[in-house]
Amino acid sequence: MSLLEIKNLHVSVDKHEILKGINLRVNAGEVHSIMGPNGSGKSTLAQALARRETYNVTSGEVSYNGKDLLAMKPEEAACEGIFMAFQYPVEIPGISNAYFLRSALNAIRRYRGLDEIDAMDFLPMFREKLKLLDMDEKLMNRSVNEGFSGGEKKRNEILQMAVLEPKLAILDETDSGLDIDALKIVAQGVDAMRNPERAIIVVTHYQRLLNYIVPDFVHVLVHGRIVRSGGPELALELEEKGYGAMEAEARHATPA
Amino acid sequence: MSTNVNTIHDLADREYKWGFVTQVEEERVAEGLNEDIIRVISAKKNEPEFMLQWRLRAYHHWASLEKAQAEPKWANIKYGPIDYQEIVYYSAPKQKPGLTSLEELDPEILGTYEKLGIPLEEQKHLAGVAVDAVFDSVSVATTFKEKLAELGIVFCSFSEAVQKHPNLVQKYLGSVVPYTDNFFASLNAAVFTDGSFVYVPKGVRCPMELSTYFRINAANTGQFERTLIVADEGSYVSYLEGCTAPIRDENQLHAAVVELIALDNAQIKYSTVQNWYPGDKNGKGGIFNFVTKRGKCLGVNSKISWTQVETGSAITWKYPSCILQGENSVGEFYSVALTNNYQQADTGTKMIHIGKNTRSTIVAKGISAGHGQNTYRGQVKIMKGATGARNYTQCDSLLIGDKCGAHTFPYIEVRNSTARMEHEASTSKIGEDQLFYLRQRGLKAEDAVSMIVNGFCKRVFRELPMEFAVEAQKLLGVSLEGSVG
């Protein structure tokens, strides 16, 4: 059984249909990359899987870990092990990064019937993950994302992923706004979290992130549909030819 | 989105947990206000002549204001006319005269405070907090009196202070808030029945938090208490008040006065957690809270700090203020005001800089949810002689949902060119994006809102004594229940 199975998923935002029938299977241990031009629906797919309520699923089915994902609230999906790294992480003034993350971890632990973790046990673990992402310890006590640079925000997302240890991680354009050094650190952080129990979906415009996180599968999303799927070589082909050719193919492939 | 909206509503619909009524035999005077009632109140309290005369002057002043329909109308609040002749101005639980120990206190009343989480038995109480409990109009118990007396600290009910320390009362009563100050302060001066009195002698640092817990119980009564705190030279005191009331359909009037006096090098820290019954979710019932609070930094290097967390009352009208008279004196105001459902708050502060090098800080956080209307009104006045005065004001509003309102009216008046003034303000809304972010990390919608609100209030909570900061956080959570969307 696949960890994630998406069947004919249609999603609308403000009554505009963005996703027009997505089919995708993701097994534990795999890394999938979703690529596509602006406005193709990549982020919509990520948000819909994270159960954002402003993204309206009009038809289709999604099973996750044998459960109906579409019946879950965002916090239930999170507690079931779905994590999304945001393209635009929000700021939460007055709440420290460490406190926030411990609260999130404990919410998930409570959901799973585990004991809450106290500050004494949490901090050493947190410090270790900070090191992994080459982040300053001072970030622990700063308010969540407040006054963080673009790069720090993205690193902070991956830090959260490292602490929350999801079964399915969805990275929504995590590479955007990163310089090449930061990109490397973030990508290596993600790559270090690959394991046979975890699946990762990397949503990106560019091939460059995939130099560090080499995907098992690449899917090209155009106009709300997956028009091509393949191995990592597909990303290279895209880099060379651009999306234009595939958009043309897409038009041929789907006569109105 | 609909789930979000529902969560906000669920939060707002949570019940007021302190709304029970205690069955206790009470002694009350007839409804209405006239000179005879004032005389009855004064006689019941066996007051010296100066008190009666002061009350009568206050009453006549108030009566002239009432006749001239001079009830203040400038605040950004709406309410129907109050019939001052329908209110009972004195209600007291019947108890034996000359109560000397807690064992003699009516067990019903003792039980009330226990239910509220305010145990009056000293051995059970939080270490380091002495409590004065005011039930309807009278003080029913004051704990740790003897221990404080060893240090020369007076902490007792106002009535007792009038009997035992008439000189101090006569010297300071009305010296910060005169009975002519405003409509509600005049009314209070005429009819106030009790409250707390604190005197900290020279050089004494009060070793525990002093706390008064106000409870309105009887129906159709007004509560008019008066608190007077005098910190003598070089002394320090931290004082906290809490308030609750039963759920009733009609509005009840609460018009209190608090006066603080800090002499040379003295410090007073005054914290309030106000949780009067706010009315139901349709805006029926609730306390009208018209309160005058003012501190005078009379001595050099003195400091008065107000911290308030206002979550209750149908209407809140209060402006805890500082008159910075002594050179180098410091005034502070830290406030969180929350309005949910149909609550209205018009609150803020006045910082009057008179002495040289006086400094003031204002941090006001307003949270509006449901149909709540929240107004910050603040005045900073730098007088001619206040060379080197400084003020920092920060005023932030947080909106939850799209039916509430936040309003800000800062008044700044500067008559000395050396003054330095800073004013920062912001308005934000708890957005769907913020909520989604927190929920995506596993937090429930209401916990997410509560986290955002607590973060927003952090600067103020930091000023509260530890135990009360925890209480305030919980209270905000409860008061916001049903407000998430």
# chains A, B, ... in the order shown; residues from 1 in each chain; ligands from 1

$ interface_residues --of "chain B" --to "chain A" --cutoff "7 Å" --atoms "only C-alpha atoms" --output "number ranges by chain"
B: 1, 434, 436-437, 439-444, 452, 455-456, 458

$ residues_around --residues "B:Val470" --least-positions-apart "6" --cutoff "12 Å" --atoms "only C-alpha atoms" --output "list of chain:residue names"
B:Val273, B:Val309, B:Asn454, B:Lys458, B:Phe461, B:Arg462, B:Glu463, B:Leu464, B:Leu476, B:Gly477

$ residues_around --residues "A:Ile226" --least-positions-apart "6" --cutoff "8 Å" --atoms "only C-alpha atoms" --output "PyMOL selection string"
chain A and resi 22-23+219-220

$ write_last_selection --atoms "N, CA and C atoms" --output "CSV table (one decimal), in the first residue's frame"
chain,number,residue,atom,x,y,z
A,22,ILE,N,-5.7,15.4,-10.5
A,22,ILE,CA,-4.3,14.9,-10.2
A,22,ILE,C,-4.3,13.5,-9.8
A,23,ASN,N,-3.4,12.7,-10.3
A,23,ASN,CA,-3.3,11.3,-9.9
A,23,ASN,C,-1.8,11.1,-9.5
A,219,HIS,N,7.7,14.9,-11.5
A,219,HIS,CA,6.4,15.1,-12.2
A,219,HIS,C,6.3,16.5,-12.7
A,220,VAL,N,5.8,16.7,-13.9
A,220,VAL,CA,5.6,18.0,-14.4
A,220,VAL,C,4.2,18.4,-14.4

$ residues_around --residues "A:Gly244" --least-positions-apart "3" --cutoff "12 Å" --atoms "only C-alpha atoms" --output "mmCIF file with N, CA and C atoms, in the first residue's frame"
data_model
loop_
_atom_site.group_PDB
_atom_site.id
_atom_site.type_symbol
_atom_site.label_atom_id
_atom_site.label_comp_id
_atom_site.auth_asym_id
_atom_site.auth_seq_id
_atom_site.Cartn_x
_atom_site.Cartn_y
_atom_site.Cartn_z
ATOM 1 N N GLY A 36 6.985 22.712 -12.320
ATOM 2 C CA GLY A 36 6.025 23.308 -13.239
ATOM 3 C C GLY A 36 6.167 24.808 -13.242
ATOM 4 N N PRO A 37 5.596 25.445 -14.266
ATOM 5 C CA PRO A 37 5.707 26.900 -14.363
ATOM 6 C C PRO A 37 4.819 27.587 -13.322
ATOM 7 N N ASN A 38 4.968 28.901 -13.205
ATOM 8 C CA ASN A 38 4.113 29.679 -12.309
ATOM 9 C C ASN A 38 2.650 29.454 -12.634
ATOM 10 N N VAL A 220 5.789 16.675 -13.869
ATOM 11 C CA VAL A 220 5.646 18.021 -14.399
ATOM 12 C C VAL A 220 4.170 18.391 -14.383
ATOM 13 N N VAL A 222 1.296 21.053 -15.299
ATOM 14 C CA VAL A 222 0.968 22.170 -16.184
ATOM 15 C C VAL A 222 -0.545 22.320 -16.209
ATOM 16 N N GLU A 237 16.056 17.621 -18.361
ATOM 17 C CA GLU A 237 15.461 17.906 -19.673
ATOM 18 C C GLU A 237 14.687 19.225 -19.626
ATOM 19 N N LEU A 238 13.969 19.389 -18.510
ATOM 20 C CA LEU A 238 13.195 20.620 -18.328
ATOM 21 C C LEU A 238 14.109 21.833 -18.291
ATOM 22 N N GLU A 239 15.209 21.676 -17.558
ATOM 23 C CA GLU A 239 16.164 22.756 -17.400
ATOM 24 C C GLU A 239 16.673 23.199 -18.782
ATOM 25 N N GLU A 240 16.831 22.218 -19.644
ATOM 26 C CA GLU A 240 17.368 22.482 -20.971
ATOM 27 C C GLU A 240 16.320 23.101 -21.900
ATOM 28 N N LYS A 241 15.142 22.493 -21.930
ATOM 29 C CA LYS A 241 14.135 22.902 -22.912
ATOM 30 C C LYS A 241 13.154 23.945 -22.406
ATOM 31 N N GLU A 247 4.233 22.637 -22.206
ATOM 32 C CA GLU A 247 2.920 23.288 -22.232
ATOM 33 C C GLU A 247 2.250 23.004 -23.569
ATOM 34 N N ALA A 248 3.043 23.053 -24.613
ATOM 35 C CA ALA A 248 2.502 22.757 -25.942
ATOM 36 C C ALA A 248 2.010 21.308 -25.993
ATOM 37 N N GLU A 249 2.846 20.401 -25.458
ATOM 38 C CA GLU A 249 2.452 18.983 -25.412
ATOM 39 C C GLU A 249 1.156 18.824 -24.648
ATOM 40 N N ALA A 250 1.087 19.578 -23.531
ATOM 41 C CA ALA A 250 -0.092 19.459 -22.681
ATOM 42 C C ALA A 250 -1.339 19.835 -23.462
ATOM 43 N N ARG A 251 -1.213 20.878 -24.253
ATOM 44 C CA ARG A 251 -2.379 21.326 -25.032
ATOM 45 C C ARG A 251 -2.822 20.247 -26.018
#

$ atom_distance --atom1 "atom CA of B:His353" --atom2 "atom CA of B:Gly295"
12.4 Å

$ residues_around --residues "A:Ser63" --least-positions-apart "6" --cutoff "6 Å" --atoms "only C-alpha atoms" --output "NGL selection string"
:A and (4-5 or 69)

$ write_last_selection --atoms "N, CA and C atoms" --output "mmCIF file, in the first residue's frame"
data_model
loop_
_atom_site.group_PDB
_atom_site.id
_atom_site.type_symbol
_atom_site.label_atom_id
_atom_site.label_comp_id
_atom_site.auth_asym_id
_atom_site.auth_seq_id
_atom_site.Cartn_x
_atom_site.Cartn_y
_atom_site.Cartn_z
ATOM 1 N N LEU A 4 0.855 7.555 0.224
ATOM 2 C CA LEU A 4 -0.074 8.580 -0.256
ATOM 3 C C LEU A 4 -0.596 8.181 -1.625
ATOM 4 N N GLU A 5 -1.917 8.217 -1.758
ATOM 5 C CA GLU A 5 -2.479 7.893 -3.064
ATOM 6 C C GLU A 5 -3.542 8.933 -3.423
ATOM 7 N N LEU A 69 -7.558 11.280 3.857
ATOM 8 C CA LEU A 69 -6.918 12.552 4.210
ATOM 9 C C LEU A 69 -7.897 13.719 4.086
#

$ atom_distance --atom1 "atom CA of B:Asp36" --atom2 "atom CA of B:Leu56"
9.8 Å

$ atom_distance --atom1 "atom CA of A:Tyr243" --atom2 "atom CA of A:Gly224"
13.9 Å

$ select_by_dssp --residues "stretch 204-307 of chain B" --states "strand (DSSP E)" --output "ChimeraX atom specification"
/B:209-215,226-231,236-244,251-254,257-262,267-274,286-297,303-307

$ select_by_dssp --residues "stretch 43-184 of chain A" --states "alpha helix (DSSP H)" --output "MDAnalysis selection string"
chainID A and resid 43:49 74:79 97:111 119:132 150:164 180:184

$ residues_around --residues "B:Val200" --least-positions-apart "2" --cutoff "9 Å" --atoms "only C-alpha atoms" --output "list in words"
Leu151, Gly152, Ile153, Val154, Phe155, Val198, Lys202, Gly203, Val204, Arg205, Cys206, Ile229, Val230, Ala231, Asp232, Glu233, Ser235, Tyr236 and Val237 of chain B

$ residues_around --residues "B:Ile323" --least-positions-apart "2" --cutoff "8 Å" --atoms "only C-alpha atoms" --output "mmCIF file with C-alpha atoms, in the first residue's frame"
data_model
loop_
_atom_site.group_PDB
_atom_site.id
_atom_site.type_symbol
_atom_site.label_atom_id
_atom_site.label_comp_id
_atom_site.auth_asym_id
_atom_site.auth_seq_id
_atom_site.Cartn_x
_atom_site.Cartn_y
_atom_site.Cartn_z
ATOM 1 C CA ARG B 294 -4.751 57.491 39.871
ATOM 2 C CA GLY B 295 -1.361 57.522 41.510
ATOM 3 C CA LYS B 296 0.710 60.436 42.614
ATOM 4 C CA CYS B 297 4.482 60.205 42.548
ATOM 5 C CA LEU B 298 4.803 62.876 45.176
ATOM 6 C CA SER B 321 -2.953 57.409 35.649
ATOM 7 C CA GLN B 325 5.315 65.426 40.579
ATOM 8 C CA GLY B 331 5.133 56.230 35.825
ATOM 9 C CA MET B 351 0.722 60.565 32.409
ATOM 10 C CA ILE B 352 1.060 64.066 33.784
ATOM 11 C CA HIS B 353 4.693 65.165 33.902
ATOM 12 C CA ILE B 354 5.239 67.979 36.399
#

$ closest_residue --among "B:Thr292, B:Gly355, B:Val176, B:Gly372" --to "B:Gly279" --atoms "only C-alpha atoms"
B:Gly372

$ closest_residue --among "B:Gln373, B:Ser238, B:Asn34, B:Thr418" --to "B:Ala406" --atoms "only C-alpha atoms"
B:Gln373
